[in-house]
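Just final-v7.txt here, compact mmCIF, C-alpha atoms:
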# COMPACT_ATOMS: atom_id res chain seq x y z
CA MET Y 109 122.39 92.44 44.32
CA GLU Y 110 118.87 93.14 43.07
CA VAL Y 111 118.10 96.84 42.82
CA LEU Y 112 114.63 98.30 43.38
CA ASP Y 113 114.50 101.77 41.87
CA CYS Y 114 111.95 103.99 43.60
CA LEU Y 115 113.59 107.32 42.74
CA GLY Y 116 110.99 110.05 42.32
CA LYS Y 117 108.26 108.01 44.08
CA ARG Y 118 106.57 109.62 47.06
CA CYS Y 119 105.82 108.18 50.48
CA PRO Y 120 104.42 105.56 51.10
CA LEU Y 121 105.10 103.98 47.67
CA PRO Y 122 108.77 102.99 48.23
CA VAL Y 123 107.89 101.05 51.41
CA ILE Y 124 104.84 99.43 49.75
CA GLU Y 125 106.90 98.31 46.73
CA LEU Y 126 109.71 97.07 48.94
CA ALA Y 127 107.33 94.90 50.97
CA LYS Y 128 105.76 93.53 47.76
CA VAL Y 129 109.11 92.60 46.20
CA LEU Y 130 110.41 91.08 49.41
CA LYS Y 131 107.32 88.95 50.14
CA PRO Y 132 108.09 85.89 47.94
CA LYS Y 133 111.82 85.93 48.68
CA PRO Y 134 113.49 83.60 51.21
CA VAL Y 135 114.84 84.83 54.56
CA ASN Y 136 118.29 86.46 54.32
CA SER Y 137 117.58 87.84 50.81
CA GLN Y 138 119.07 91.26 50.21
CA ILE Y 139 117.83 94.13 48.08
CA ARG Y 140 119.30 97.53 47.32
CA LEU Y 141 116.55 100.16 47.41
CA LEU Y 142 116.95 103.55 45.75
CA SER Y 143 114.63 106.23 47.12
CA ASP Y 144 115.02 110.00 47.34
CA ASP Y 145 111.78 110.75 49.17
CA PRO Y 146 112.52 112.68 52.41
CA ALA Y 147 110.26 110.31 54.35
CA SER Y 148 112.09 107.18 53.21
CA ALA Y 149 115.01 107.30 55.64
CA PRO Y 150 112.88 107.55 58.81
CA ASP Y 151 110.19 105.24 57.40
CA LEU Y 152 112.50 102.44 56.27
CA ILE Y 153 114.10 102.40 59.73
CA ALA Y 154 110.64 102.34 61.34
CA TRP Y 155 109.50 99.63 58.88
CA ALA Y 156 112.52 97.47 59.79
CA ARG Y 157 111.78 97.87 63.51
CA MET Y 158 108.07 97.07 63.06
CA THR Y 159 108.49 94.08 60.74
CA GLY Y 160 111.71 92.61 62.19
CA ASN Y 161 113.85 93.18 59.09
CA LYS Y 162 117.09 95.09 58.63
CA VAL Y 163 117.77 98.35 56.78
CA THR Y 164 121.13 100.07 56.43
CA GLU Y 165 121.30 103.57 54.98
CA LEU Y 166 124.28 103.72 52.61
CA GLY Y 167 123.84 107.40 51.72
CA GLU Y 168 123.04 109.00 48.36
CA SER Y 169 119.41 107.76 48.43
CA THR Y 170 120.55 104.13 48.72
CA PHE Y 171 119.40 101.61 51.31
CA GLU Y 172 120.48 98.01 51.82
CA VAL Y 173 117.59 95.83 52.97
CA THR Y 174 117.91 92.34 54.45
CA LYS Y 175 114.83 90.18 54.90
CA LEU Y 176 115.02 88.53 58.33
CA THR Y 177 111.45 87.30 58.86
CA ASP Y 178 108.72 85.80 56.72
CA MET C 34 83.88 135.85 84.71
CA ALA C 35 80.20 136.36 83.82
CA LEU C 36 79.15 136.87 80.20
CA PRO C 37 79.55 140.62 79.92
CA HIS C 38 77.14 143.21 78.57
CA ILE C 39 79.75 144.23 75.99
CA PHE C 40 78.84 141.28 73.76
CA GLU C 41 75.52 143.09 73.13
CA ALA C 42 76.92 146.62 73.04
CA SER C 43 79.43 147.98 70.58
CA TRP C 44 83.09 147.29 71.30
CA PRO C 45 84.59 150.57 72.54
CA ASP C 46 88.35 151.18 72.58
CA PRO C 47 89.60 150.52 76.14
CA THR C 48 92.40 153.08 75.78
CA LYS C 49 90.06 156.07 75.19
CA LEU C 50 88.23 158.19 77.79
CA GLY C 51 84.39 158.09 77.65
CA VAL C 52 82.12 155.92 79.82
CA ASP C 53 81.90 153.01 77.37
CA SER C 54 85.67 152.97 76.93
CA LYS C 55 86.11 152.90 80.69
CA SER C 56 83.85 149.88 81.00
CA ALA C 57 85.83 148.22 78.19
CA ALA C 58 89.06 148.95 80.08
CA ILE C 59 87.61 147.41 83.24
CA LEU C 60 86.63 144.35 81.23
CA LEU C 61 90.12 144.07 79.76
CA ASN C 62 91.58 144.20 83.26
CA GLU C 63 89.17 141.53 84.48
CA ALA C 64 90.24 139.32 81.56
CA ARG C 65 93.89 139.94 82.39
CA GLU C 66 93.30 138.94 86.04
CA THR C 67 91.41 135.84 84.90
CA PHE C 68 94.32 134.68 82.74
CA ALA C 69 96.89 135.56 85.40
CA GLY C 70 95.01 133.47 87.95
CA HIS C 71 94.72 130.39 85.76
CA LEU C 72 98.22 130.58 84.27
CA GLY C 73 100.09 131.33 87.50
CA VAL C 74 101.66 134.65 86.51
CA ARG C 75 101.20 138.28 87.57
CA SER C 76 98.63 140.23 85.56
CA ASP C 77 101.20 142.95 84.74
CA GLU C 78 103.47 140.32 83.20
CA ILE C 79 100.86 139.46 80.54
CA SER C 80 100.69 140.77 76.95
CA PHE C 81 98.06 139.74 74.43
CA LEU C 82 99.14 138.85 70.90
CA GLY C 83 96.93 138.84 67.82
CA GLU C 84 99.34 136.37 66.22
CA PRO C 85 100.23 133.73 68.78
CA ASN C 86 103.31 132.45 66.92
CA LEU C 87 104.85 135.93 66.96
CA GLY C 88 105.33 135.25 70.68
CA PHE C 89 108.17 132.79 69.95
CA HIS C 90 110.14 135.57 68.28
CA LEU C 91 109.29 138.22 70.88
CA ALA C 92 110.14 135.99 73.83
CA LEU C 93 113.30 134.29 72.56
CA ASN C 94 114.89 137.13 70.63
CA GLY C 95 114.14 139.41 73.60
CA LEU C 96 115.98 137.04 75.97
CA LEU C 97 118.89 136.20 73.67
CA ALA C 98 121.52 138.82 74.48
CA PRO C 99 124.44 138.62 71.98
CA SER C 100 126.69 136.65 74.34
CA LEU C 101 124.09 133.96 75.03
CA ARG C 102 123.57 130.59 73.35
CA MET C 103 120.13 129.25 72.46
CA VAL C 104 119.37 125.66 73.52
CA TYR C 105 116.35 123.85 72.11
CA SER C 106 115.31 120.34 71.13
CA ASN C 107 114.60 118.42 67.94
CA ILE C 108 110.90 118.04 68.83
CA ASP C 109 110.40 121.79 69.32
CA ARG C 110 108.21 123.72 66.88
CA MET C 111 109.53 124.92 63.52
CA GLU C 112 109.22 128.53 64.75
CA ILE C 113 111.90 127.71 67.35
CA PHE C 114 114.13 126.15 64.67
CA ALA C 115 113.81 129.34 62.62
CA ILE C 116 114.85 131.57 65.54
CA ALA C 117 117.86 129.34 66.35
CA GLN C 118 119.30 130.06 62.88
CA SER C 119 120.25 133.59 63.97
CA HIS C 120 122.02 132.63 67.22
CA PRO C 121 124.83 130.41 68.46
CA ASN C 122 122.81 127.33 69.37
CA LEU C 123 122.68 123.78 70.67
CA LYS C 124 119.98 121.40 69.44
CA LEU C 125 119.31 118.59 71.93
CA ALA C 126 118.11 115.19 70.69
CA THR C 127 115.15 113.51 72.32
CA SER C 128 115.18 109.90 73.53
CA ALA C 129 112.83 107.43 71.78
CA SER C 130 110.25 108.13 74.48
CA GLY C 131 110.51 111.89 74.03
CA GLU C 132 112.63 112.80 77.04
CA ILE C 133 115.17 115.59 76.76
CA ASP C 134 118.25 115.73 78.95
CA PHE C 135 119.16 119.33 79.79
CA LYS C 136 122.33 118.56 81.76
CA GLU C 137 124.55 120.15 79.07
CA CYS C 138 122.93 123.54 79.69
CA ALA C 139 125.20 126.25 81.05
CA ASN C 140 124.54 129.58 82.75
CA SER C 141 125.18 131.40 79.48
CA ASP C 142 122.24 129.61 77.78
CA VAL C 143 118.72 130.67 76.94
CA VAL C 144 116.78 127.41 77.02
CA SER C 145 113.55 126.79 75.15
CA LEU C 146 111.41 124.26 77.03
CA GLN C 147 108.30 122.75 75.48
CA LEU C 148 106.00 121.61 78.31
CA CYS C 149 103.86 119.48 75.99
CA ASN C 150 104.39 118.49 72.37
CA ARG C 151 101.32 119.41 70.37
CA GLU C 152 101.66 116.59 67.83
CA THR C 153 102.14 113.66 70.18
CA GLY C 154 101.18 114.90 73.65
CA ILE C 155 104.66 114.12 75.04
CA ILE C 156 105.04 115.90 78.38
CA GLN C 157 108.56 117.06 79.07
CA VAL C 158 109.55 116.08 82.60
CA GLY C 159 113.17 117.27 82.42
CA ARG C 160 113.87 120.83 83.57
CA PRO C 161 117.00 122.88 82.89
CA GLU C 162 118.40 123.73 86.32
CA ASN C 163 121.31 125.72 84.99
CA CYS C 164 120.58 128.48 82.47
CA ALA C 165 120.63 132.25 82.05
CA GLU C 166 116.99 132.50 80.94
CA LEU C 167 114.18 129.97 80.41
CA PHE C 168 111.54 130.31 77.72
CA VAL C 169 108.52 128.06 78.19
CA ASP C 170 106.46 126.96 75.19
CA ALA C 171 103.09 126.31 76.83
CA THR C 172 101.12 126.58 73.58
CA ALA C 173 99.99 122.95 73.73
CA SER C 174 99.92 122.41 77.50
CA GLY C 175 97.63 125.37 78.24
CA THR C 176 96.35 125.24 81.82
CA ARG C 177 97.34 121.59 82.32
CA ILE C 178 100.97 122.05 83.43
CA GLY C 179 102.30 124.80 85.68
CA LEU C 180 105.35 126.91 84.90
CA PRO C 181 108.75 125.93 86.32
CA GLU C 182 109.86 128.33 89.05
CA ASN C 183 112.80 129.72 87.06
CA TRP C 184 110.73 130.77 84.00
CA SER C 185 111.69 133.99 82.20
CA ALA C 186 109.05 134.13 79.46
CA ALA C 187 106.12 131.87 78.55
CA LEU C 188 103.72 131.63 75.64
CA TRP C 189 100.19 130.20 75.55
CA ASP C 190 97.72 129.76 72.70
CA SER C 191 94.06 130.44 73.37
CA THR C 192 93.00 127.34 71.39
CA SER C 193 94.54 125.10 74.07
CA TRP C 194 91.60 125.88 76.38
CA ALA C 195 89.10 125.75 73.50
CA GLY C 196 89.18 129.54 73.22
CA PRO C 197 89.10 131.39 69.89
CA SER C 198 92.09 131.05 67.58
CA GLY C 199 94.27 134.07 66.76
CA LEU C 200 95.07 134.96 70.36
CA GLY C 201 98.35 134.30 72.13
CA ILE C 202 99.24 135.16 75.70
CA LEU C 203 102.82 136.07 76.36
CA ALA C 204 104.12 136.47 79.90
CA ILE C 205 107.47 138.03 80.56
CA SER C 206 108.71 137.62 84.11
CA LYS C 207 109.65 140.76 86.01
CA LYS C 208 112.86 138.89 86.93
CA ALA C 209 113.91 138.27 83.30
CA LYS C 210 116.51 140.33 81.47
CA TRP C 211 114.28 140.84 78.44
CA LYS C 212 114.77 143.52 75.81
CA ASN C 213 112.10 144.19 73.22
CA PRO C 214 113.40 142.97 69.82
CA LEU C 215 110.81 145.10 67.95
CA PRO C 216 111.32 148.81 67.25
CA HIS C 217 109.61 150.63 70.14
CA LEU C 218 109.38 153.99 71.91
CA ASP C 219 107.52 152.91 75.03
CA GLY C 220 107.30 149.92 77.36
CA ARG C 221 104.71 148.00 75.39
CA VAL C 222 105.72 144.45 74.45
CA ASN C 223 103.81 144.40 71.16
CA PRO C 224 102.47 147.28 69.08
CA GLY C 225 98.84 146.04 69.36
CA PRO C 226 96.00 146.69 69.60
CA THR C 227 94.79 143.14 70.17
CA SER C 228 91.12 142.35 69.61
CA LEU C 229 89.14 142.95 72.82
CA PRO C 230 86.34 140.56 71.68
CA LEU C 231 88.89 137.74 71.31
CA ILE C 232 90.44 138.47 74.70
CA VAL C 233 87.05 138.50 76.44
CA ALA C 234 85.86 135.36 74.64
CA SER C 235 89.08 133.57 75.52
CA ALA C 236 88.83 134.64 79.19
CA LEU C 237 85.30 133.16 79.32
CA ALA C 238 86.61 130.01 77.61
CA ILE C 239 89.50 129.51 80.05
CA ASP C 240 87.14 129.85 83.04
CA SER C 241 84.79 127.21 81.72
CA TRP C 242 87.66 125.01 80.55
CA VAL C 243 89.28 124.95 83.98
CA ALA C 244 85.92 124.27 85.64
CA ASP C 245 85.33 121.27 83.31
CA GLU C 246 88.91 120.01 83.29
CA LYS C 247 88.85 118.23 86.66
CA ASN C 248 85.50 116.56 86.00
CA LEU C 249 86.43 115.38 82.52
CA ALA C 250 90.04 114.32 83.08
CA ALA C 251 89.12 110.72 83.93
CA LYS C 252 86.92 110.38 80.83
CA ILE C 253 89.63 111.75 78.53
CA THR C 254 92.23 109.41 80.05
CA ALA C 255 89.88 106.45 79.51
CA ILE C 256 89.20 107.47 75.89
CA ASN C 257 92.93 107.79 75.19
CA THR C 258 93.56 104.32 76.67
CA GLU C 259 90.66 102.90 74.64
CA ILE C 260 92.07 104.31 71.37
CA ARG C 261 95.61 103.11 72.11
CA THR C 262 94.46 99.62 73.06
CA TYR C 263 92.19 99.32 70.02
CA ILE C 264 94.87 100.42 67.55
CA THR C 265 97.53 98.19 69.11
CA THR C 266 95.37 95.07 69.29
CA LYS C 267 93.09 95.37 66.25
CA ILE C 268 95.04 97.20 63.54
CA PRO C 269 98.15 95.35 62.38
CA ASP C 270 101.34 97.21 61.39
CA SER C 271 100.43 100.28 63.43
CA ASP C 272 102.89 102.47 65.31
CA LEU C 273 101.88 104.70 68.21
CA ALA C 274 104.05 107.73 68.92
CA PRO C 275 105.03 108.12 72.58
CA GLY C 276 102.46 110.26 74.38
CA GLY C 277 101.79 111.85 77.72
CA ALA C 278 98.96 114.39 77.70
CA ASP C 279 95.75 112.39 77.44
CA HIS C 280 93.96 114.71 75.02
CA LEU C 281 96.54 114.15 72.26
CA LEU C 282 97.50 111.02 70.36
CA SER C 283 99.48 110.31 67.21
CA ALA C 284 99.37 106.98 65.35
CA SER C 285 100.86 105.76 62.07
CA PHE C 286 99.95 102.87 59.80
CA LEU C 287 102.38 101.09 57.46
CA TYR C 288 101.65 101.06 53.71
CA ILE C 289 99.04 103.83 54.03
CA ASN C 290 98.88 107.15 52.21
CA ALA C 291 97.87 109.61 54.95
CA GLU C 292 96.22 112.03 52.55
CA GLN C 293 93.83 109.31 51.38
CA LEU C 294 93.19 108.17 54.96
CA VAL C 295 92.48 111.69 56.26
CA THR C 296 90.20 112.43 53.28
CA ILE C 297 88.13 109.25 53.75
CA LEU C 298 87.86 109.84 57.50
CA ALA C 299 86.72 113.43 56.83
CA ASP C 300 84.06 112.14 54.39
CA LYS C 301 82.79 109.88 57.15
CA GLY C 302 82.59 112.80 59.59
CA PHE C 303 85.84 112.54 61.53
CA ALA C 304 88.25 115.49 61.45
CA VAL C 305 91.83 114.39 62.07
CA ASP C 306 95.18 115.97 61.29
CA SER C 307 98.31 114.30 59.90
CA GLY C 308 102.08 114.60 60.25
CA SER C 309 102.85 112.64 57.07
CA ALA C 310 104.81 114.16 54.20
CA CYS C 311 102.01 113.71 51.65
CA SER C 312 99.66 115.85 53.75
CA ALA C 313 102.20 118.64 54.42
CA ALA C 314 102.54 121.74 52.29
CA ASN C 315 106.32 121.31 52.00
CA MET C 316 106.08 117.51 51.35
CA GLU C 317 108.38 116.88 54.33
CA PRO C 318 107.38 114.40 57.03
CA SER C 319 106.83 115.66 60.58
CA HIS C 320 110.21 116.39 62.14
CA VAL C 321 108.76 115.33 65.49
CA LEU C 322 107.87 111.81 64.29
CA ALA C 323 111.22 111.48 62.52
CA ALA C 324 113.11 112.58 65.67
CA LEU C 325 111.24 110.01 67.76
CA GLY C 326 111.77 107.21 65.24
CA THR C 327 108.00 106.83 64.84
CA LEU C 328 106.74 105.81 61.39
CA THR C 329 105.84 108.98 59.46
CA GLN C 330 103.69 107.48 56.69
CA GLY C 331 99.97 106.93 57.21
CA ASN C 332 100.02 109.21 60.26
CA ILE C 333 96.97 110.66 61.99
CA ARG C 334 96.90 113.05 64.93
CA LEU C 335 93.92 113.04 67.23
CA THR C 336 92.70 115.62 69.73
CA ILE C 337 90.21 114.42 72.31
CA HIS C 338 87.98 117.36 73.17
CA HIS C 339 86.02 117.86 76.38
CA GLY C 340 82.84 117.04 74.46
CA THR C 341 84.17 113.85 72.81
CA THR C 342 82.04 110.83 73.76
CA PHE C 343 82.81 107.10 73.98
CA GLU C 344 80.16 106.44 71.32
CA GLU C 345 81.91 108.78 68.85
CA VAL C 346 85.27 107.19 69.60
CA LYS C 347 83.88 103.67 69.14
CA ALA C 348 82.36 104.63 65.77
CA PHE C 349 85.62 106.34 64.76
CA LEU C 350 87.78 103.34 65.62
CA GLU C 351 85.59 100.96 63.61
CA VAL C 352 85.74 103.29 60.58
CA LEU C 353 89.51 103.68 61.04
CA GLU C 354 90.10 99.92 61.19
CA GLN C 355 87.94 99.32 58.12
CA THR C 356 89.49 102.19 56.11
CA VAL C 357 93.08 101.12 56.86
CA SER C 358 92.23 97.57 55.82
CA GLU C 359 90.53 98.73 52.58
CA LEU C 360 93.41 101.06 51.65
CA ARG C 361 95.90 98.23 52.11
CA ALA C 362 93.94 95.78 49.94
Let me see whether you can do it: turn the structure in this file into structure tokens.
Amino acid sequence: MEVLDCLGKRCPLPVIELAKVLKPKPVNSQIRLLSDDPASAPDLIAWARMTGNKVTELGESTFEVTKLTD
Amino acid sequence: MALPHIFEASWPDPTKLGVDSKSAAILLNEARETFAGHLGVRSDEISFLGEPNLGFHLALNGLLAPSLRMVYSNIDRMEIFAIAQSHPNLKLATSASGEIDFKECANSDVVSLQLCNRETGIIQVGRPENCAELFVDATASGTRIGLPENWSAALWDSTSWAGPSGLGILAISKKAKWKNPLPHLDGRVNPGPTSLPLIVASALAIDSWVADEKNLAAKITAINTEIRTYITTKIPDSDLAPGGADHLLSASFLYINAEQLVTILADKGFAVDSGSACSAANMEPSHVLAALGTLTQGNIRLTIHHGTTFEEVKAFLEVLEQTVSELRA
């Protein structure tokens, strides 16, 4: 699975980069996002709710993201 | 309370003898009665605090006898979190709309109840029926919400009625089993002295605030609705935190750096606060937004003052929409 490394990047950069990388990909694409910013866990969950995508927190600064809408 | 002569005279010490001191003492008593009347407590239950946030410690640690458990919620203030560290405690989780269920509370609990959340305006409707003592955080609700009948101690902040900052009002109920947690030799709640000018100015402010409140409530409700509708319909990828009190509102915008947004808005003449990590000293996002599941990035917190006009709000919303769009480009 493609890995997007955002370790060390502060809010809101991880969410901005995630959206950019996901944009050209087809629905059902998956990405593993690495982010250790304290705002990333709440913000990725909020981002998924707002945009209709799916985020699962795997622990250790790792999130699995599934694109569900274009 | 009329604007007193003392603003033009020197400020004598109300605890001394002398004619001027006596008039200062009378003034202090008048202020005390004014607060007691508006806040729904007895005047002899009131103490003034030069550092409002010290009231959290005084109230809670004074109520928390060693056998008692402290119950609080995850949208309470950080001062409450700090106090809980030293006691057996239970932290209640809020629902997505900000409601807290107190049914787990037992009669060996000291419960901390926040009437209104100062970041979002959430008004807590739940009340703990079953508890040993009840501390009420009224620092954001001010005169807007009355105390529950079973209150033991309550804290207000003078800024909530547009009074001067640096003044807290702590009431300790005569019915409460409260023991002063500070070293003390007499019955005073805090060592003091608290600034008489601040107390008098705040008493004048609360009088005028309460007089205006009824007349302006409808305008403030309409402004709040206007802002919420505008953000929801005109600014894409926005997230409004749940609210309640009409003078407060918290909104977040995806893909936005809050520090940049707040700085640009300030340059254009609009002072707003933020709960985002990048604007916080400790680089942590607001625990209130995180607890509610509201987006924490690109967050702004608004306070609608009595003097806020529709024209100002309209201008603000246009600037906000434009700035969010430019920052995203």
Q: For chain C, work out the contacting residues on chain Y at 7 Å, counting all atoms listed in the file, and write them as a list in words.
A: Cys119, Pro120, Val123, Ile124, Pro146, Ala147, Pro150, Asp151, Ala154 and Met158 of chain Y
Q: May I have the residues within 7 Å of stretch 168-175 of chain Y as number ranges by chain, using only C-alpha atoms and disregarding those fewer than 4 positions away in the same chain?
A: Y: 135-144, 161-164
Q) What lies within 10 Å of C:Arg65 using only C-alpha atoms, ignoring chain neighbours under 2 positions off, as a list in words? A)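 Surrounding residues, per the criterion: Ile59, Leu60, Leu61, Asn62, Glu63, Thr67, Phe68, Ala69, Gly70, Arg75, Ser76, Asp77, Glu78, Ile79, Ser80, Phe81, Ile202, Ile232, Val233 and Ala236 of chain C.
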Q) Do you know which residues are at most 9 Å from Y:Asp178 counting only C-alpha atoms, after dropping those on the same chain fewer than 2 positions away, and could you put them as a PyMOL selection string? A) chain Y and resi 131-135+175-176
Saved selection, atoms kept: C-alpha atoms, as a compact mmCIF listing (two decimals), in the frame of the given file:
# COMPACT_ATOMS: atom_id res chain seq x y z
CA LYS Y 131 107.32 88.95 50.14
CA PRO Y 132 108.09 85.89 47.94
CA LYS Y 133 111.82 85.93 48.68
CA PRO Y 134 113.49 83.60 51.21
CA VAL Y 135 114.84 84.83 54.56
CA LYS Y 175 114.83 90.18 54.90
CA LEU Y 176 115.02 88.53 58.33
Q. Any idea what the distance is between atom CA of C:Ala171 and atom CA of C:Ala187?
A.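 Rounded to one decimal, the two atoms are 6.6 Å apart.
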